[in-house]
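Engineer: Just so it is clear, I am handing over work_3.pdb, which has PDB, C-alpha atoms and all ligand atoms.
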```
ATOM      1  CA  MET A 261       8.470   4.808  14.686  1.00  0.00           C
ATOM      2  CA  ILE A 262       6.593   2.399  12.441  1.00  0.00           C
ATOM      3  CA  THR A 263       7.210  -1.310  12.940  1.00  0.00           C
ATOM      4  CA  GLN A 264       6.319  -4.322  10.846  1.00  0.00           C
ATOM      5  CA  GLU A 265       4.155  -5.513  13.726  1.00  0.00           C
ATOM      6  CA  TYR A 266       2.090  -2.332  13.484  1.00  0.00           C
ATOM      7  CA  LEU A 267       1.768  -2.674   9.699  1.00  0.00           C
ATOM      8  CA  ASP A 268       0.497  -6.241  10.048  1.00  0.00           C
ATOM      9  CA  HIS A 269      -2.792  -4.752  11.248  1.00  0.00           C
ATOM     10  CA  PHE A 270      -3.438  -3.095   7.907  1.00  0.00           C
ATOM     11  CA  ARG A 271      -4.117  -4.185   4.364  1.00  0.00           C
ATOM     12  CA  CYS A 272      -3.619  -2.369   1.074  1.00  0.00           C
ATOM     13  CA  PRO A 273      -6.647  -0.128   0.426  1.00  0.00           C
ATOM     14  CA  PHE A 274      -6.313  -0.781  -3.326  1.00  0.00           C
ATOM     15  CA  ASP A 275      -6.995  -4.473  -2.814  1.00  0.00           C
ATOM     16  CA  PRO A 276     -10.782  -5.013  -2.863  1.00  0.00           C
ATOM     17  CA  LYS A 277     -10.302  -8.290  -1.000  1.00  0.00           C
ATOM     18  CA  ARG A 278      -8.087  -6.647   1.615  1.00  0.00           C
ATOM     19  CA  GLU A 279      -5.513  -9.407   1.472  1.00  0.00           C
ATOM     20  CA  ALA A 280      -2.363  -7.583   0.390  1.00  0.00           C
ATOM     21  CA  LYS A 281      -0.178  -6.750   3.345  1.00  0.00           C
ATOM     22  CA  LEU A 282       1.971  -3.723   3.930  1.00  0.00           C
ATOM     23  CA  LYS A 283       5.701  -3.975   4.451  1.00  0.00           C
ATOM     24  CA  LEU A 284       8.410  -1.788   5.773  1.00  0.00           C
ATOM     25  CA  ASP A 285      11.214  -0.874   3.377  1.00  0.00           C
ATOM     26  CA  GLY A 286      13.677   1.197   5.345  1.00  0.00           C
ATOM     27  CA  THR A 287      11.481   4.072   6.440  1.00  0.00           C
ATOM     28  CA  LYS A 288       8.999   3.595   3.597  1.00  0.00           C
ATOM     29  CA  VAL A 289       5.696   1.768   3.844  1.00  0.00           C
ATOM     30  CA  LEU A 290       4.877  -0.215   0.719  1.00  0.00           C
ATOM     31  CA  CYS A 291       2.180  -2.625  -0.361  1.00  0.00           C
ATOM     32  CA  GLU A 292       3.720  -6.078  -0.593  1.00  0.00           C
ATOM     33  CA  ARG A 293       1.881  -6.794  -3.832  1.00  0.00           C
ATOM     34  CA  CYS A 294       1.438  -3.542  -5.768  1.00  0.00           C
ATOM     35  CA  GLN A 295       4.438  -1.612  -4.353  1.00  0.00           C
ATOM     36  CA  VAL A 296       2.405   1.528  -3.793  1.00  0.00           C
ATOM     37  CA  GLN A 297       4.056   3.721  -1.207  1.00  0.00           C
ATOM     38  CA  PHE A 298       1.885   5.041   1.587  1.00  0.00           C
ATOM     39  CA  ARG A 299       2.521   8.265   3.383  1.00  0.00           C
ATOM     40  CA  THR A 300       3.521   8.211   6.990  1.00  0.00           C
ATOM     41  CA  ARG A 301       2.897  10.934   9.481  1.00  0.00           C
ATOM     42  CA  GLU A 302       4.158  11.080  13.042  1.00  0.00           C
ATOM     43  CA  GLY A 303       4.484   7.343  13.369  1.00  0.00           C
ATOM     44  CA  PHE A 304       1.192   6.540  11.678  1.00  0.00           C
ATOM     45  CA  VAL A 305       0.550   5.264   8.201  1.00  0.00           C
ATOM     46  CA  SER A 306      -1.955   7.016   5.950  1.00  0.00           C
ATOM     47  CA  LEU A 307      -4.064   4.618   3.907  1.00  0.00           C
ATOM     48  CA  VAL A 308      -5.712   7.433   1.978  1.00  0.00           C
ATOM     49  CA  MET A 309      -5.507   6.334  -1.634  1.00  0.00           C
ATOM     50  CA  GLU A 310      -5.148   9.890  -2.931  1.00  0.00           C
ATOM     51  CA  GLU A 311      -2.028  10.363  -0.799  1.00  0.00           C
ATOM     52  CA  ALA A 312      -0.335   7.160  -1.889  1.00  0.00           C
ATOM     53  CA  THR A 313       2.534   7.229  -4.374  1.00  0.00           C
ATOM     54  CA  LEU A 314       2.194   4.894  -7.345  1.00  0.00           C
ATOM     55  CA  PRO A 315       5.215   2.836  -8.475  1.00  0.00           C
ATOM     56  CA  GLU A 316       7.234   4.420 -11.287  1.00  0.00           C
ATOM     57  CA  ASN A 317       6.058   1.976 -13.945  1.00  0.00           C
ATOM     58  CA  CYS A 318       2.414   2.625 -13.148  1.00  0.00           C
ATOM     59  CA  ASP A 319       0.529   5.591 -14.615  1.00  0.00           C
ATOM     60  CA  HIS A 320      -2.807   5.010 -13.016  1.00  0.00           C
ATOM     61  CA  ALA A 321      -4.078   3.295  -9.889  1.00  0.00           C
ATOM     62  CA  ASN A 322      -6.318   0.962 -11.902  1.00  0.00           C
ATOM     63  CA  GLN A 323      -3.185  -0.688 -13.359  1.00  0.00           C
ATOM     64  CA  LEU A 324      -2.037  -1.823  -9.945  1.00  0.00           C
ATOM     65  CA  PRO A 325      -1.894  -5.578  -9.319  1.00  0.00           C
ATOM     66  CA  CYS A 326      -4.158  -5.102  -6.325  1.00  0.00           C
ATOM     67  CA  GLN A 327      -6.789  -3.370  -8.458  1.00  0.00           C
ATOM     68  CA  ARG A 328      -6.602  -5.827 -11.336  1.00  0.00           C
ATOM     69  CA  ARG A 329      -7.663  -8.592  -8.976  1.00  0.00           C
ATOM     70  CA  ARG A 330     -11.107  -7.107  -9.148  1.00  0.00           C
ATOM     71  CA  GLN A 331     -11.557  -8.687 -12.602  1.00  0.00           C
ATOM     72  CA  ASN A 332     -10.832 -12.205 -11.349  1.00  0.00           C
TER      73      ASN A 332
HETATM   74 ZN    ZN B 401      -1.597  -3.122  -2.996  1.00  0.00          ZN
END
```
Any chance you could put this one into C-alpha cells?
Structural biologist:
Amino acid sequence: MITQEYLDHFRCPFDPKREAKLKLDGTKVLCERCQVQFRTREGFVSLVMEEATLPENCDHANQLPCQRRRQN
C-alpha cells in the first residue's frame, strides 16, 4: 500500500526543478501541481513519464504547469 510518507520521497518528473510533490488521492498518485496521475504497481509508484496519465484538460505534456516552469 502506498502512503503519503512514501510519496514524500519523490518529486514530479515533469518538473525540471524537482520541487513539485506527489500526493495521494484515494488510491491514485497525483502531482500536487500539474495533476498528472502516475501509475502504481504492487505498492510502488512509477515515475516513467510515458506511463503517466495527463489531466483531462491537457493535450500534451509540455502544457503541464510543471513543464511550463522551464520558461521562467
Ligand atoms: Zn507535476
Engineer: Kindly compile the residues surrounding ligand ZN 401 (chain B) within 7 Å, counting only C-alpha atoms and all ligand atoms, and format them as a list in words.
Structural biologist: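 The neighbouring residues of ligand ZN 401 (chain B) are, in order, Cys272, Pro273, Phe274, Asp275, Ala280, Cys291, Glu292, Arg293, Cys294, Gln295, Val296, Pro325 and Cys326 of chain A.
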Engineer: Step by step: start from the point (2.6, -7.3, 5.5) in the file's coordinates, keep every protein, DNA or RNA residue that has an atom no farther than 10 Å from it, count all atoms listed in the file, and write the set as number ranges by chain.
Structural biologist: A: 264-272, 279-284, 289-293
Engineer: Could you save the residues just selected, with C-alpha atoms, as a PDB file, in the coordinates of the input?
Structural biologist:
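As written to disk, selection10.pdb reads:
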```
ATOM      1  CA  GLN A 264       6.319  -4.322  10.846  1.00  0.00           C
ATOM      2  CA  GLU A 265       4.155  -5.513  13.726  1.00  0.00           C
ATOM      3  CA  TYR A 266       2.090  -2.332  13.484  1.00  0.00           C
ATOM      4  CA  LEU A 267       1.768  -2.674   9.699  1.00  0.00           C
ATOM      5  CA  ASP A 268       0.497  -6.241  10.048  1.00  0.00           C
ATOM      6  CA  HIS A 269      -2.792  -4.752  11.248  1.00  0.00           C
ATOM      7  CA  PHE A 270      -3.438  -3.095   7.907  1.00  0.00           C
ATOM      8  CA  ARG A 271      -4.117  -4.185   4.364  1.00  0.00           C
ATOM      9  CA  CYS A 272      -3.619  -2.369   1.074  1.00  0.00           C
ATOM     10  CA  GLU A 279      -5.513  -9.407   1.472  1.00  0.00           C
ATOM     11  CA  ALA A 280      -2.363  -7.583   0.390  1.00  0.00           C
ATOM     12  CA  LYS A 281      -0.178  -6.750   3.345  1.00  0.00           C
ATOM     13  CA  LEU A 282       1.971  -3.723   3.930  1.00  0.00           C
ATOM     14  CA  LYS A 283       5.701  -3.975   4.451  1.00  0.00           C
ATOM     15  CA  LEU A 284       8.410  -1.788   5.773  1.00  0.00           C
ATOM     16  CA  VAL A 289       5.696   1.768   3.844  1.00  0.00           C
ATOM     17  CA  LEU A 290       4.877  -0.215   0.719  1.00  0.00           C
ATOM     18  CA  CYS A 291       2.180  -2.625  -0.361  1.00  0.00           C
ATOM     19  CA  GLU A 292       3.720  -6.078  -0.593  1.00  0.00           C
ATOM     20  CA  ARG A 293       1.881  -6.794  -3.832  1.00  0.00           C
TER      21      ARG A 293
END
```
Engineer: Taking all atoms listed in the file into account, name the residue in A:Thr263, A:Gln297, A:Gln327, A:Thr287 that is nearest to Glu311 (chain A).
Structural biologist: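 Distance minimum relative to Glu311 (chain A) lands on A:Gln297.
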Engineer: May I ask for the distance between CA of Lys288 (chain A) and CA of Glu310 (chain A), given in Å to one decimal place?
Structural biologist: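 Pair CA of Lys288 (chain A) / CA of Glu310 (chain A) returns 16.8 Å.
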Engineer: Since I can't run it myself right now, could you work out what the PyMOL selection byres (((chain A and resi 304) around 10) and not hetatm) selects here and report it as a VMD selection string?
Structural biologist: chain A and resid 261 to 263 266 to 267 299 to 303 305 to 307
Engineer: For CA of Lys277 (chain A) and CA of Leu324 (chain A), quote the distance in Å rounded to one decimal.
Structural biologist: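 Taking CA of Lys277 (chain A) as the start and CA of Leu324 (chain A) as the end point, the length is 13.8 Å.
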Engineer: What's the separation between CA of His320 (chain A) and CA of Asp285 (chain A), in Å to one decimal place?
Structural biologist: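 Distance between the two atoms: 22.4 Å.
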Engineer: Mind working out the centre and edge lengths of an axis-aligned box for region 279-297 of chain A, all listed atoms inside, 8 Å added to each side, rounded to one decimal in Å and written as AutoDock Vina command-line options?
Structural biologist:
```
--center_x 4.1 --center_y -2.7 --center_z 0.3 --size_x 35.2 --size_y 29.5 --size_z 28.2
```
Engineer: Can you fill out region 284-300 of chain A with N, CA and C atoms and hand it back as an mmCIF file, in the coordinates of the input?
Structural biologist:
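The file below, result03.cif, is the result:
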```cif
data_model
loop_
_atom_site.group_PDB
_atom_site.id
_atom_site.type_symbol
_atom_site.label_atom_id
_atom_site.label_comp_id
_atom_site.auth_asym_id
_atom_site.auth_seq_id
_atom_site.Cartn_x
_atom_site.Cartn_y
_atom_site.Cartn_z
ATOM 1 N N LEU A 284 7.503 -2.880 5.479
ATOM 2 C CA LEU A 284 8.410 -1.788 5.773
ATOM 3 C C LEU A 284 9.643 -1.935 4.890
ATOM 4 N N ASP A 285 10.014 -0.870 4.204
ATOM 5 C CA ASP A 285 11.214 -0.874 3.377
ATOM 6 C C ASP A 285 12.064 0.316 3.816
ATOM 7 N N GLY A 286 12.959 0.084 4.731
ATOM 8 C CA GLY A 286 13.677 1.197 5.345
ATOM 9 C C GLY A 286 12.692 2.006 6.157
ATOM 10 N N THR A 287 12.477 3.253 5.749
ATOM 11 C CA THR A 287 11.481 4.072 6.440
ATOM 12 C C THR A 287 10.204 4.170 5.620
ATOM 13 N N LYS A 288 10.176 3.519 4.456
ATOM 14 C CA LYS A 288 8.999 3.595 3.597
ATOM 15 C C LYS A 288 8.014 2.481 3.918
ATOM 16 N N VAL A 289 6.740 2.775 3.683
ATOM 17 C CA VAL A 289 5.696 1.768 3.844
ATOM 18 C C VAL A 289 5.146 1.454 2.457
ATOM 19 N N LEU A 290 5.305 0.199 2.054
ATOM 20 C CA LEU A 290 4.877 -0.215 0.719
ATOM 21 C C LEU A 290 3.864 -1.343 0.806
ATOM 22 N N CYS A 291 3.020 -1.447 -0.226
ATOM 23 C CA CYS A 291 2.180 -2.625 -0.361
ATOM 24 C C CYS A 291 3.063 -3.756 -0.875
ATOM 25 N N GLU A 292 2.947 -4.908 -0.215
ATOM 26 C CA GLU A 292 3.720 -6.078 -0.593
ATOM 27 C C GLU A 292 3.473 -6.479 -2.046
ATOM 28 N N ARG A 293 2.236 -6.321 -2.504
ATOM 29 C CA ARG A 293 1.881 -6.794 -3.832
ATOM 30 C C ARG A 293 2.023 -5.712 -4.895
ATOM 31 N N CYS A 294 1.443 -4.539 -4.680
ATOM 32 C CA CYS A 294 1.438 -3.542 -5.768
ATOM 33 C C CYS A 294 2.540 -2.492 -5.633
ATOM 34 N N GLN A 295 3.284 -2.501 -4.531
ATOM 35 C CA GLN A 295 4.438 -1.612 -4.353
ATOM 36 C C GLN A 295 4.068 -0.137 -4.234
ATOM 37 N N VAL A 296 2.796 0.147 -4.069
ATOM 38 C CA VAL A 296 2.405 1.528 -3.793
ATOM 39 C C VAL A 296 3.041 1.957 -2.477
ATOM 40 N N GLN A 297 3.483 3.207 -2.448
ATOM 41 C CA GLN A 297 4.056 3.721 -1.207
ATOM 42 C C GLN A 297 3.047 4.593 -0.477
ATOM 43 N N PHE A 298 2.839 4.285 0.786
ATOM 44 C CA PHE A 298 1.885 5.041 1.587
ATOM 45 C C PHE A 298 2.603 6.080 2.419
ATOM 46 N N ARG A 299 1.945 7.187 2.582
ATOM 47 C CA ARG A 299 2.521 8.265 3.383
ATOM 48 C C ARG A 299 2.505 7.915 4.860
ATOM 49 N N THR A 300 3.514 8.375 5.536
ATOM 50 C CA THR A 300 3.521 8.211 6.990
ATOM 51 C C THR A 300 3.579 9.586 7.628
#
```
